[in-house]
Amino acid sequence: MTIQGKTWKFGDHINTDLILPGPVMLMPYDEQPRHVFAANRPGWVDEVGAGDVLIAGRNFGTGSGRPAARSLKVLGLSCLVAESINGLFFRNCVNYGFYAMECPGVSEAFEEGDVAEVDFAAFTVRNARTGQTLQGRTFPDMLLKIIEAGGIYPLMEAEGMLADPNPETA
Amino acid sequence: MGMTMIEKILARSAGLPGVAPGDVVTVNVGTAVVIDQNFMHNRMREPKRVWDADKVVIMLDHIAPADTPMRANIHKAARKFAEKQGIGKFHDVNGGLGICHQLVADYGYALPGSVLACVDSHTCSAGAFNCAARGIGHPEMAWVLATGRTWFPVVETVRYEFVSELPRVLNGKDVILHIANTYGDHAMQNVEFGGPGVAGMSMNMRRTIATMCAEISTEFAVFEADERCIEHVRSQNPDAVFEPQAADPDAVYADVRTVDLGALEPLVAFPDTVVRNSRPVSEAADVRIDQAFIGSCANGTLDDFEVAATVLKGRKIAAGTRLIVTPGSQAVLLEATRRGYVETLLEAGAVVTNSTCGACCGYSNGVLGAGEVCITASTRNFKGRMGSPEASIYLASPATVAASAVRGSIADPREMM
């Protein structure tokens, strides 16, 4: 699986309250992604396009177990590449089916707007403008298969493991 | 090759003779903790069948009692799920109410040597009990409830050796702020705590430190299980069978770091991040505050009520400042009432609330407005965490927060204890 997309750059320690603020979690589920980065980069949700790639620094997604990775996926981002990713956030990326990779050096290798080519077979990231290729950290096929399936729910649906969603708490 | 504490717990839970950094292992989950948030917007799709109802606990905590019809429906859904699946351990809006991690401690649900999972990021709190506990996502919880299993990466471990004794006025919060300040985040690392300084730490203090490991992004954070830890679990959960895990003498660590508890001083984390962002309380002195908050899964314990009451005895909250105190559980509130701490707080002008996550996550009981300044003994100081993104949140120990409430500006608790 290779992803190609225009990059947006963010710094270190981007936390889940910036991606999905507490008060926003109380709004209807479909409206929540509209508020991503409202506190640190207002208006960004109107600029980001389908297939774009998020490039970030250390410790991306630090914070809560809330469905912040889902918000990024619903906005149309194709993947996340960060210097390091908080463990809980990475689990949510996998289980919501959002491609994510840790890649030391990625912040320095990209200027915002560069096109990235992210290869989830070789776990490499290439900057199309500079031609530089970086080696990311690998993870096992078992996790890649969950992402490829679109997350854990499609897999559970296929196995008939899930009850119908509760309309009272939708 | 020897294994660290966390490697031994993971190996045991995976049914493997050994694990090493770089592995990804599938483990059996010992305890699954379900909370009200799981049911909000059906974030956690309900599995048709739970793998083992005896290993599941359900708790209403993020907003309880309900504040809106939406939240009431969330609570209703949780009750219905418990009934349908035959889950007996249900903490409803009654005497058993509390913040999930406090209840996990109060009721001895965290078993030494086992794996515990919950969707809240501060689940690492149960690491105080030698339990490999961590936050997982909502879809993952559906999978855990259906299968009783999940996967974990085995990452390198940093060991912290605690030596000497923490001065009386200091809290686990000061210890973790020191670690966050000195060593930064621990993304993709496990942390284990041991050494002679652990013996002098109450279980509440250990839990504050373990809880705050979410803020340094550890994969897992666990304490050694000593007599005090084992006694606590046995007394709260007499039927439980468990096997604590100690590190092998030849365990391999990424680093071993000594923390001299006696040399620490009260610290304050400045707004927006916990990592490498604290200074000695003297450097924050005179920051005027609108609100002071003591509560959350990190600092809603009986120890925290005691220290707040010690500071506030015979004193009053400064005019123009409000102090809100939220207990970790209704059981903590009851005991704090019996011991007279609540009376002292109320006489000083504090507002004591029901047990819930409340102000810590900006949901209720002390949400901040634009331009307001808060000093909080809770878990996080992220921008917008407690309400308006234009509010400023300083993070400190309960003693520092209580002293600041008296002064109306950030104050050194050593001047009042």
# chains A, B, ... in the order shown; residues from 1 in each chain; ligands from 1
>>> closest_atom_pairs(of="chain B", to="chain A", cutoff="9 Å", atoms="only C-alpha atoms", output="CSV")
residue,atom,partner,partner_atom,distance
B:Val24,CA,A:Pro140,CA,7.5
B:Gln37,CA,A:Arg66,CA,8.7
B:Phe39,CA,A:Thr169,CA,6.7
B:Met40,CA,A:Thr169,CA,5.9
B:His41,CA,A:Ala170,CA,4.3
B:Asn42,CA,A:Ala170,CA,5.7
B:Arg43,CA,A:Pro67,CA,7.7
B:Arg45,CA,A:Pro165,CA,6.3
B:Glu46,CA,A:Ala163,CA,5.6
B:Pro47,CA,A:Leu162,CA,4.4
B:Lys48,CA,A:Ala163,CA,5.0
B:Arg49,CA,A:Met161,CA,7.6
B:Met70,CA,A:Thr169,CA,7.1
B:Arg71,CA,A:Thr169,CA,8.6
B:Asn73,CA,A:Thr169,CA,6.2
B:Ile74,CA,A:Thr169,CA,6.0
B:Ala77,CA,A:Thr169,CA,7.5
B:Val119,CA,A:Gly65,CA,5.7
B:Asp120,CA,A:Gly65,CA,5.5
B:Ser121,CA,A:Ser64,CA,4.9
B:His122,CA,A:Ser64,CA,7.9
B:Arg134,CA,A:Leu88,CA,8.3
B:Gly135,CA,A:Leu88,CA,6.4
B:Ile136,CA,A:Leu88,CA,5.9
B:Gly137,CA,A:Asn92,CA,5.3
B:His138,CA,A:Pro67,CA,7.4
B:Pro139,CA,A:Asn95,CA,6.2
B:Glu140,CA,A:Asn95,CA,6.4
B:Ala142,CA,A:Leu162,CA,8.3
B:Trp143,CA,A:Ile152,CA,7.5
B:Ala146,CA,A:Met161,CA,7.1
B:Asp185,CA,A:Asn59,CA,7.3
B:His186,CA,A:Asn59,CA,8.4
B:Ala187,CA,A:Asn86,CA,5.6
B:Met188,CA,A:Gly87,CA,6.5
B:Ala214,CA,A:Gly63,CA,6.9
B:Glu215,CA,A:Gly63,CA,6.7
B:Ile216,CA,A:Thr62,CA,8.2
B:Ser217,CA,A:Asn86,CA,5.8
B:Thr218,CA,A:Gly87,CA,7.5
B:Glu219,CA,A:Gly87,CA,5.9
B:Thr273,CA,A:His13,CA,8.0
B:Val275,CA,A:His13,CA,8.6
B:Cys361,CA,A:Gly22,CA,6.4
B:Gly362,CA,A:Gly22,CA,6.3
B:Tyr363,CA,A:Pro23,CA,6.9
B:Arg380,CA,A:Gly63,CA,8.4
B:Phe382,CA,A:Asp17,CA,6.8
B:Lys383,CA,A:Asp17,CA,7.2
B:Gly384,CA,A:Asp17,CA,6.7
B:Arg385,CA,A:Asp17,CA,6.1
B:Met386,CA,A:Gly22,CA,7.9
B:Gly387,CA,A:Pro23,CA,7.0
B:Ser388,CA,A:Pro23,CA,8.9
B:Pro389,CA,A:Ala39,CA,6.1
B:Glu390,CA,A:Ala39,CA,8.5
>>> residues_around(residues="B:Glu283", least_positions_apart="2", cutoff="10 Å", atoms="only C-alpha atoms", output="PDB file with C-alpha atoms, in the first residue's frame")
ATOM      1  CA  LEU B 267       6.736  21.959  41.262  1.00  0.00           C
ATOM      2  CA  VAL B 268       4.156  23.665  39.079  1.00  0.00           C
ATOM      3  CA  SER B 278       7.473  22.653  35.240  1.00  0.00           C
ATOM      4  CA  ARG B 279       9.248  25.123  37.475  1.00  0.00           C
ATOM      5  CA  PRO B 280       9.714  25.390  41.251  1.00  0.00           C
ATOM      6  CA  VAL B 281       6.616  26.868  42.880  1.00  0.00           C
ATOM      7  CA  ALA B 285       4.364  32.727  42.825  1.00  0.00           C
ATOM      8  CA  ASP B 286       2.004  35.646  42.390  1.00  0.00           C
ATOM      9  CA  VAL B 287       0.247  34.256  39.302  1.00  0.00           C
ATOM     10  CA  ILE B 410       0.023  30.512  43.267  1.00  0.00           C
ATOM     11  CA  ALA B 411       1.636  29.857  46.647  1.00  0.00           C
ATOM     12  CA  ASP B 412       4.235  27.598  48.252  1.00  0.00           C
TER      13      ASP B 412
END
>>> select_by_dssp(residues="stretch 118-167 of chain A", states="strand (DSSP E)", output="tab-separated table (two decimals) with N, CA, C and O atoms, in the first residue's frame")
chain	number	residue	atom	x	y	z
A	118	VAL	N	4.24	7.57	0.88
A	118	VAL	CA	4.38	6.75	2.09
A	118	VAL	C	4.07	5.30	1.72
A	118	VAL	O	2.97	4.99	1.28
A	119	ASP	N	5.05	4.43	1.92
A	119	ASP	CA	4.94	3.03	1.51
A	119	ASP	C	4.76	2.14	2.75
A	119	ASP	O	5.70	2.00	3.55
A	124	THR	N	8.58	3.08	4.25
A	124	THR	CA	9.43	4.21	3.88
A	124	THR	C	8.59	5.43	3.57
A	124	THR	O	7.39	5.33	3.26
A	125	VAL	N	9.23	6.60	3.69
A	125	VAL	CA	8.58	7.88	3.38
A	125	VAL	C	9.51	8.63	2.44
A	125	VAL	O	10.68	8.84	2.76
A	126	ARG	N	9.02	9.03	1.27
A	126	ARG	CA	9.83	9.74	0.29
A	126	ARG	C	9.26	11.13	0.08
A	126	ARG	O	8.06	11.32	-0.03
A	127	ASN	N	10.16	12.11	0.05
A	127	ASN	CA	9.76	13.47	-0.29
A	127	ASN	C	9.91	13.63	-1.80
A	127	ASN	O	11.03	13.57	-2.32
A	133	THR	N	14.57	9.76	0.85
A	133	THR	CA	13.73	8.66	1.38
A	133	THR	C	14.17	8.33	2.80
A	133	THR	O	15.36	8.18	3.08
A	134	LEU	N	13.20	8.22	3.69
A	134	LEU	CA	13.48	7.89	5.10
A	134	LEU	C	12.89	6.53	5.43
A	134	LEU	O	11.85	6.15	4.88
A	135	GLN	N	13.55	5.82	6.34
A	135	GLN	CA	13.04	4.53	6.80
A	135	GLN	C	12.20	4.73	8.07
A	135	GLN	O	12.70	5.26	9.07
>>> residues_around(residues="B:Val154", least_positions_apart="3", cutoff="6 Å", atoms="only C-alpha atoms", output="list in words")
Pro21, Gly22, Asp23 and Val24 of chain B
>>> residues_around(residues="stretch 157-160 of chain B", least_positions_apart="5", cutoff="12 Å", atoms="only C-alpha atoms", output="number ranges by chain")
B: 3-8, 20-22, 175-176, 179, 183, 185-198, 209, 218-224, 247, 251-261
>>> closest_residue(among="B:Asn94, B:Ser202, B:Thr326, B:Ser164", to="B:Cys229", atoms="only C-alpha atoms")
B:Ser202
>>> residues_around(residues="B:His101", least_positions_apart="4", cutoff="8 Å", atoms="only C-alpha atoms", output="mmCIF file with all heavy atoms, in the first residue's frame")
data_model
loop_
_atom_site.group_PDB
_atom_site.id
_atom_site.type_symbol
_atom_site.label_atom_id
_atom_site.label_comp_id
_atom_site.auth_asym_id
_atom_site.auth_seq_id
_atom_site.Cartn_x
_atom_site.Cartn_y
_atom_site.Cartn_z
ATOM 1 N N ALA B 105 -8.970 0.798 42.319
ATOM 2 C CA ALA B 105 -8.125 0.700 43.508
ATOM 3 C C ALA B 105 -8.961 0.341 44.741
ATOM 4 O O ALA B 105 -8.625 -0.584 45.479
ATOM 5 C CB ALA B 105 -7.395 2.020 43.733
ATOM 6 N N HIS B 122 -6.001 7.166 31.537
ATOM 7 C CA HIS B 122 -5.368 7.087 32.857
ATOM 8 C C HIS B 122 -5.493 5.713 33.515
ATOM 9 O O HIS B 122 -5.223 5.553 34.702
ATOM 10 C CB HIS B 122 -5.903 8.195 33.766
ATOM 11 C CG HIS B 122 -5.518 9.552 33.254
ATOM 12 N ND1 HIS B 122 -6.435 10.436 32.744
ATOM 13 C CD2 HIS B 122 -4.311 10.136 33.126
ATOM 14 C CE1 HIS B 122 -5.796 11.526 32.320
ATOM 15 N NE2 HIS B 122 -4.511 11.365 32.535
ATOM 16 N N THR B 123 -5.864 4.723 32.717
ATOM 17 C CA THR B 123 -5.945 3.342 33.202
ATOM 18 C C THR B 123 -4.614 2.862 33.765
ATOM 19 O O THR B 123 -4.571 1.988 34.633
ATOM 20 C CB THR B 123 -6.430 2.437 32.049
ATOM 21 O OG1 THR B 123 -7.699 2.919 31.635
ATOM 22 C CG2 THR B 123 -6.540 0.992 32.451
ATOM 23 N N SER B 125 -3.060 4.046 35.901
ATOM 24 C CA SER B 125 -3.215 4.201 37.348
ATOM 25 C C SER B 125 -3.042 2.879 38.105
ATOM 26 O O SER B 125 -2.401 2.820 39.164
ATOM 27 C CB SER B 125 -4.623 4.762 37.600
ATOM 28 O OG SER B 125 -4.955 4.726 38.938
ATOM 29 N N ALA B 126 -3.604 1.803 37.549
ATOM 30 C CA ALA B 126 -3.565 0.501 38.236
ATOM 31 C C ALA B 126 -2.177 -0.128 38.189
ATOM 32 O O ALA B 126 -1.952 -1.175 38.799
ATOM 33 C CB ALA B 126 -4.606 -0.453 37.631
ATOM 34 N N CYS B 297 -8.847 11.288 38.850
ATOM 35 C CA CYS B 297 -8.295 9.974 39.176
ATOM 36 C C CYS B 297 -6.895 10.086 39.768
ATOM 37 O O CYS B 297 -6.427 9.159 40.427
ATOM 38 C CB CYS B 297 -8.281 9.099 37.936
ATOM 39 S SG CYS B 297 -7.559 9.873 36.477
#
>>> residues_around(residues="B:Glu231", least_positions_apart="6", cutoff="12 Å", atoms="only C-alpha atoms", output="list in words")
Gly108, Leu111, Pro112, Phe129, Met203, Ala225, Asn237, Pro238 and Ala240 of chain B
>>> write_last_selection(atoms="C-alpha atoms", output="CSV table (one decimal), in the first residue's frame")
chain,number,residue,atom,x,y,z
B,108,GLY,CA,-9.1,-4.4,44.4
B,111,LEU,CA,-4.7,-7.8,40.2
B,112,PRO,CA,-0.9,-7.9,40.5
B,129,PHE,CA,-0.8,-2.5,41.9
B,203,MET,CA,-0.9,3.2,47.7
B,225,ALA,CA,4.3,-5.3,44.5
B,237,ASN,CA,-10.8,-8.4,47.1
B,238,PRO,CA,-10.3,-11.4,49.3
B,240,ALA,CA,-8.9,-12.9,44.1
>>> residues_around(residues="stretch 307-323 of chain B", least_positions_apart="3", cutoff="10 Å", atoms="only C-alpha atoms", output="JSON list (two decimals) with N, CA, C and O atoms, in the first residue's frame")
[["chain", "number", "residue", "atom", "x", "y", "z"],
["B", 168, "ARG", "N", 7.17, 15.64, 53.77],
["B", 168, "ARG", "CA", 5.76, 15.46, 54.07],
["B", 168, "ARG", "C", 4.83, 16.30, 53.17],
["B", 168, "ARG", "O", 3.78, 15.84, 52.75],
["B", 169, "VAL", "N", 5.22, 17.49, 52.87],
["B", 169, "VAL", "CA", 4.34, 18.39, 52.13],
["B", 169, "VAL", "C", 4.25, 18.02, 50.64],
["B", 169, "VAL", "O", 3.34, 18.42, 49.95],
["B", 170, "LEU", "N", 5.18, 17.20, 50.17],
["B", 170, "LEU", "CA", 5.19, 16.85, 48.75],
["B", 170, "LEU", "C", 4.27, 15.68, 48.44],
["B", 170, "LEU", "O", 3.90, 14.91, 49.32],
["B", 171, "ASN", "N", 3.92, 15.57, 47.16],
["B", 171, "ASN", "CA", 2.93, 14.61, 46.70],
["B", 171, "ASN", "C", 3.51, 13.83, 45.52],
["B", 171, "ASN", "O", 4.49, 14.28, 44.90],
["B", 288, "ARG", "N", -1.95, 35.22, 39.61],
["B", 288, "ARG", "CA", -3.28, 35.32, 40.21],
["B", 288, "ARG", "C", -4.20, 34.24, 39.65],
["B", 288, "ARG", "O", -4.12, 33.92, 38.46],
["B", 289, "ILE", "N", -5.02, 33.62, 40.49],
["B", 289, "ILE", "CA", -5.90, 32.54, 40.01],
["B", 289, "ILE", "C", -7.37, 32.86, 40.26],
["B", 289, "ILE", "O", -7.73, 33.53, 41.23],
["B", 290, "ASP", "N", -8.21, 32.39, 39.35],
["B", 290, "ASP", "CA", -9.66, 32.48, 39.53],
["B", 290, "ASP", "C", -10.19, 31.22, 40.20],
["B", 290, "ASP", "O", -11.11, 31.28, 41.00],
["B", 291, "GLN", "N", -9.61, 30.09, 39.83],
["B", 291, "GLN", "CA", -10.13, 28.81, 40.33],
["B", 291, "GLN", "C", -8.99, 27.90, 40.76],
["B", 291, "GLN", "O", -7.92, 27.89, 40.15],
["B", 292, "ALA", "N", -9.26, 27.14, 41.80],
["B", 292, "ALA", "CA", -8.36, 26.08, 42.24],
["B", 292, "ALA", "C", -9.19, 24.79, 42.25],
["B", 292, "ALA", "O", -10.35, 24.81, 42.66],
["B", 293, "PHE", "N", -8.59, 23.71, 41.78],
["B", 293, "PHE", "CA", -9.34, 22.44, 41.70],
["B", 293, "PHE", "C", -8.52, 21.28, 42.24],
["B", 293, "PHE", "O", -7.33, 21.14, 41.91],
["B", 294, "ILE", "N", -9.13, 20.50, 43.11],
["B", 294, "ILE", "CA", -8.50, 19.26, 43.60],
["B", 294, "ILE", "C", -9.45, 18.12, 43.27],
["B", 294, "ILE", "O", -10.62, 18.15, 43.68],
["B", 302, "LEU", "N", -8.23, 10.03, 49.65],
["B", 302, "LEU", "CA", -8.34, 10.44, 51.05],
["B", 302, "LEU", "C", -7.08, 11.22, 51.47],
["B", 302, "LEU", "O", -7.16, 12.21, 52.21],
["B", 303, "ASP", "N", -5.91, 10.80, 50.97],
["B", 303, "ASP", "CA", -4.66, 11.53, 51.26],
["B", 303, "ASP", "C", -4.80, 12.99, 50.83],
["B", 303, "ASP", "O", -4.30, 13.91, 51.49],
["B", 304, "ASP", "N", -5.42, 13.18, 49.67],
["B", 304, "ASP", "CA", -5.53, 14.53, 49.10],
["B", 304, "ASP", "C", -6.50, 15.39, 49.90],
["B", 304, "ASP", "O", -6.27, 16.59, 50.11],
["B", 336, "ALA", "N", -13.86, 10.90, 54.16],
["B", 336, "ALA", "CA", -13.37, 12.27, 54.38],
["B", 336, "ALA", "C", -14.35, 13.05, 55.25],
["B", 336, "ALA", "O", -13.96, 13.91, 56.03],
["B", 340, "GLY", "N", -13.78, 14.45, 59.28],
["B", 340, "GLY", "CA", -13.89, 15.90, 59.51],
["B", 340, "GLY", "C", -13.22, 16.75, 58.44],
["B", 340, "GLY", "O", -13.26, 17.98, 58.52],
["B", 341, "TYR", "N", -12.61, 16.12, 57.44],
["B", 341, "TYR", "CA", -11.93, 16.90, 56.40],
["B", 341, "TYR", "C", -12.93, 17.76, 55.62],
["B", 341, "TYR", "O", -12.66, 18.91, 55.28],
["B", 342, "VAL", "N", -14.08, 17.15, 55.32],
["B", 342, "VAL", "CA", -15.08, 17.87, 54.51],
["B", 342, "VAL", "C", -15.56, 19.11, 55.25],
["B", 342, "VAL", "O", -15.68, 20.19, 54.67],
["B", 343, "GLU", "N", -15.78, 18.96, 56.56],
["B", 343, "GLU", "CA", -16.23, 20.11, 57.36],
["B", 343, "GLU", "C", -15.19, 21.25, 57.29],
["B", 343, "GLU", "O", -15.54, 22.41, 57.11],
["B", 344, "THR", "N", -13.92, 20.89, 57.42],
["B", 344, "THR", "CA", -12.85, 21.89, 57.35],
["B", 344, "THR", "C", -12.85, 22.60, 56.00],
["B", 344, "THR", "O", -12.72, 23.83, 55.93],
["B", 345, "LEU", "N", -13.01, 21.82, 54.94],
["B", 345, "LEU", "CA", -13.02, 22.41, 53.59],
["B", 345, "LEU", "C", -14.21, 23.35, 53.42],
["B", 345, "LEU", "O", -14.08, 24.45, 52.88],
["B", 346, "LEU", "N", -15.37, 22.90, 53.89],
["B", 346, "LEU", "CA", -16.58, 23.73, 53.74],
["B", 346, "LEU", "C", -16.46, 25.01, 54.55],
["B", 346, "LEU", "O", -16.84, 26.09, 54.09],
["B", 347, "GLU", "N", -15.91, 24.90, 55.75],
["B", 347, "GLU", "CA", -15.73, 26.10, 56.59],
["B", 347, "GLU", "C", -14.78, 27.11, 55.95],
["B", 347, "GLU", "O", -14.94, 28.32, 56.11],
["B", 348, "ALA", "N", -13.82, 26.58, 55.19],
["B", 348, "ALA", "CA", -12.87, 27.48, 54.52],
["B", 348, "ALA", "C", -13.48, 28.15, 53.30],
["B", 348, "ALA", "O", -12.91, 29.10, 52.75],
["B", 349, "GLY", "N", -14.64, 27.62, 52.86],
["B", 349, "GLY", "CA", -15.30, 28.21, 51.69],
["B", 349, "GLY", "C", -15.14, 27.40, 50.42],
["B", 349, "GLY", "O", -15.49, 27.88, 49.33],
["B", 350, "ALA", "N", -14.61, 26.18, 50.54],
["B", 350, "ALA", "CA", -14.49, 25.32, 49.35],
["B", 350, "ALA", "C", -15.86, 24.76, 48.97],
["B", 350, "ALA", "O", -16.75, 24.65, 49.82],
["B", 351, "VAL", "N", -16.01, 24.41, 47.70],
["B", 351, "VAL", "CA", -17.20, 23.71, 47.24],
["B", 351, "VAL", "C", -16.80, 22.25, 47.02],
["B", 351, "VAL", "O", -15.90, 21.96, 46.23],
["B", 352, "VAL", "N", -17.45, 21.34, 47.75],
["B", 352, "VAL", "CA", -17.16, 19.91, 47.61],
["B", 352, "VAL", "C", -18.27, 19.30, 46.77],
["B", 352, "VAL", "O", -19.45, 19.47, 47.09],
["B", 366, "GLY", "N", -17.05, 22.97, 37.40],
["B", 366, "GLY", "CA", -15.85, 23.82, 37.44],
["B", 366, "GLY", "C", -15.21, 24.02, 36.09],
["B", 366, "GLY", "O", -13.98, 24.03, 35.96],
["B", 374, "CYS", "N", -6.56, 28.87, 36.23],
["B", 374, "CYS", "CA", -6.85, 27.81, 37.20],
["B", 374, "CYS", "C", -5.56, 27.12, 37.61],
["B", 374, "CYS", "O", -4.68, 26.91, 36.78],
["B", 375, "ILE", "N", -5.45, 26.81, 38.88],
["B", 375, "ILE", "CA", -4.39, 25.87, 39.30],
["B", 375, "ILE", "C", -5.09, 24.59, 39.72],
["B", 375, "ILE", "O", -6.06, 24.62, 40.47],
["B", 376, "THR", "N", -4.64, 23.47, 39.18],
["B", 376, "THR", "CA", -5.38, 22.24, 39.37],
["B", 376, "THR", "C", -4.50, 21.08, 39.83],
["B", 376, "THR", "O", -3.38, 20.91, 39.36],
["B", 397, "SER", "N", 0.43, 19.94, 42.97],
["B", 397, "SER", "CA", -0.05, 19.00, 43.98],
["B", 397, "SER", "C", -1.26, 19.59, 44.71],
["B", 397, "SER", "O", -1.47, 20.81, 44.69],
["B", 398, "PRO", "N", -2.03, 18.74, 45.42],
["B", 398, "PRO", "CA", -3.15, 19.25, 46.21],
["B", 398, "PRO", "C", -2.72, 20.28, 47.26],
["B", 398, "PRO", "O", -3.44, 21.25, 47.52],
["B", 399, "ALA", "N", -1.55, 20.10, 47.86],
["B", 399, "ALA", "CA", -1.09, 21.06, 48.88],
["B", 399, "ALA", "C", -0.84, 22.42, 48.23],
["B", 399, "ALA", "O", -1.24, 23.47, 48.78],
["B", 400, "THR", "N", -0.19, 22.42, 47.08],
["B", 400, "THR", "CA", 0.08, 23.67, 46.38],
["B", 400, "THR", "C", -1.23, 24.33, 45.94],
["B", 400, "THR", "O", -1.38, 25.56, 46.03],
["B", 401, "VAL", "N", -2.17, 23.53, 45.49],
["B", 401, "VAL", "CA", -3.46, 24.07, 45.04],
["B", 401, "VAL", "C", -4.22, 24.68, 46.22],
["B", 401, "VAL", "O", -4.76, 25.79, 46.13],
["B", 402, "ALA", "N", -4.25, 23.97, 47.34],
["B", 402, "ALA", "CA", -4.97, 24.48, 48.51],
["B", 402, "ALA", "C", -4.33, 25.77, 49.02],
["B", 402, "ALA", "O", -5.03, 26.75, 49.34],
["B", 403, "ALA", "N", -3.00, 25.81, 49.06],
["B", 403, "ALA", "CA", -2.31, 27.02, 49.52],
["B", 403, "ALA", "C", -2.59, 28.19, 48.57],
["B", 403, "ALA", "O", -2.78, 29.34, 49.00],
["B", 404, "SER", "N", -2.65, 27.88, 47.28],
["B", 404, "SER", "CA", -2.91, 28.92, 46.29],
["B", 404, "SER", "C", -4.33, 29.46, 46.43],
["B", 404, "SER", "O", -4.57, 30.66, 46.22],
["B", 405, "ALA", "N", -5.28, 28.59, 46.80],
["B", 405, "ALA", "CA", -6.66, 29.03, 47.00],
["B", 405, "ALA", "C", -6.74, 30.02, 48.15],
["B", 405, "ALA", "O", -7.52, 30.98, 48.13],
["B", 406, "VAL", "N", -5.94, 29.79, 49.18],
["B", 406, "VAL", "CA", -5.93, 30.70, 50.35],
["B", 406, "VAL", "C", -5.33, 32.05, 49.95],
["B", 406, "VAL", "O", -5.84, 33.11, 50.30],
["B", 407, "ARG", "N", -4.25, 32.01, 49.20],
["B", 407, "ARG", "CA", -3.54, 33.23, 48.81],
["B", 407, "ARG", "C", -4.26, 33.98, 47.69],
["B", 407, "ARG", "O", -4.14, 35.20, 47.57],
["B", 408, "GLY", "N", -4.99, 33.26, 46.82],
["B", 408, "GLY", "CA", -5.59, 33.89, 45.63],
["B", 408, "GLY", "C", -4.60, 33.99, 44.49],
["B", 408, "GLY", "O", -4.91, 34.52, 43.42],
["B", 409, "SER", "N", -3.42, 33.50, 44.74],
["B", 409, "SER", "CA", -2.38, 33.44, 43.70],
["B", 409, "SER", "C", -1.52, 32.23, 44.02],
["B", 409, "SER", "O", -1.56, 31.70, 45.14],
["B", 413, "PRO", "N", 3.16, 25.70, 49.41],
["B", 413, "PRO", "CA", 2.43, 25.11, 50.54],
["B", 413, "PRO", "C", 3.29, 25.00, 51.80],
["B", 413, "PRO", "O", 2.74, 24.88, 52.91],
["B", 414, "ARG", "N", 4.62, 25.04, 51.66],
["B", 414, "ARG", "CA", 5.48, 24.90, 52.84],
["B", 414, "ARG", "C", 5.30, 26.07, 53.79],
["B", 414, "ARG", "O", 5.63, 25.96, 54.97],
["B", 415, "GLU", "N", 4.75, 27.17, 53.28],
["B", 415, "GLU", "CA", 4.49, 28.33, 54.16],
["B", 415, "GLU", "C", 3.25, 28.13, 55.01],
["B", 415, "GLU", "O", 2.99, 28.90, 55.93],
["B", 416, "MET", "N", 2.44, 27.10, 54.70],
["B", 416, "MET", "CA", 1.17, 26.92, 55.42],
["B", 416, "MET", "C", 1.06, 25.57, 56.11],
["B", 416, "MET", "O", 0.02, 25.24, 56.63],
["B", 417, "MET", "N", 2.12, 24.76, 56.05],
["B", 417, "MET", "CA", 2.03, 23.44, 56.68],
["B", 417, "MET", "C", 3.11, 23.25, 57.74],
["B", 417, "MET", "O", 4.21, 23.70, 57.58]]
>>> select_by_dssp(residues="chain A", states="helix (DSSP H, G or I)", output="PyMOL selection string")
chain A and resi 16-19+22-25+29-35+44-47+68-74+87-96+106-109+141-148+152-158+167-169
>>> closest_residue(among="B:Ala64, B:Val33, B:Leu97, B:Val144", to="B:Val50", atoms="only C-alpha atoms")
B:Val144
>>> closest_residue(among="A:Gly97, A:Ala128, A:Glu47, A:Ala116", to="A:Lys145", atoms="only C-alpha atoms")
A:Gly97
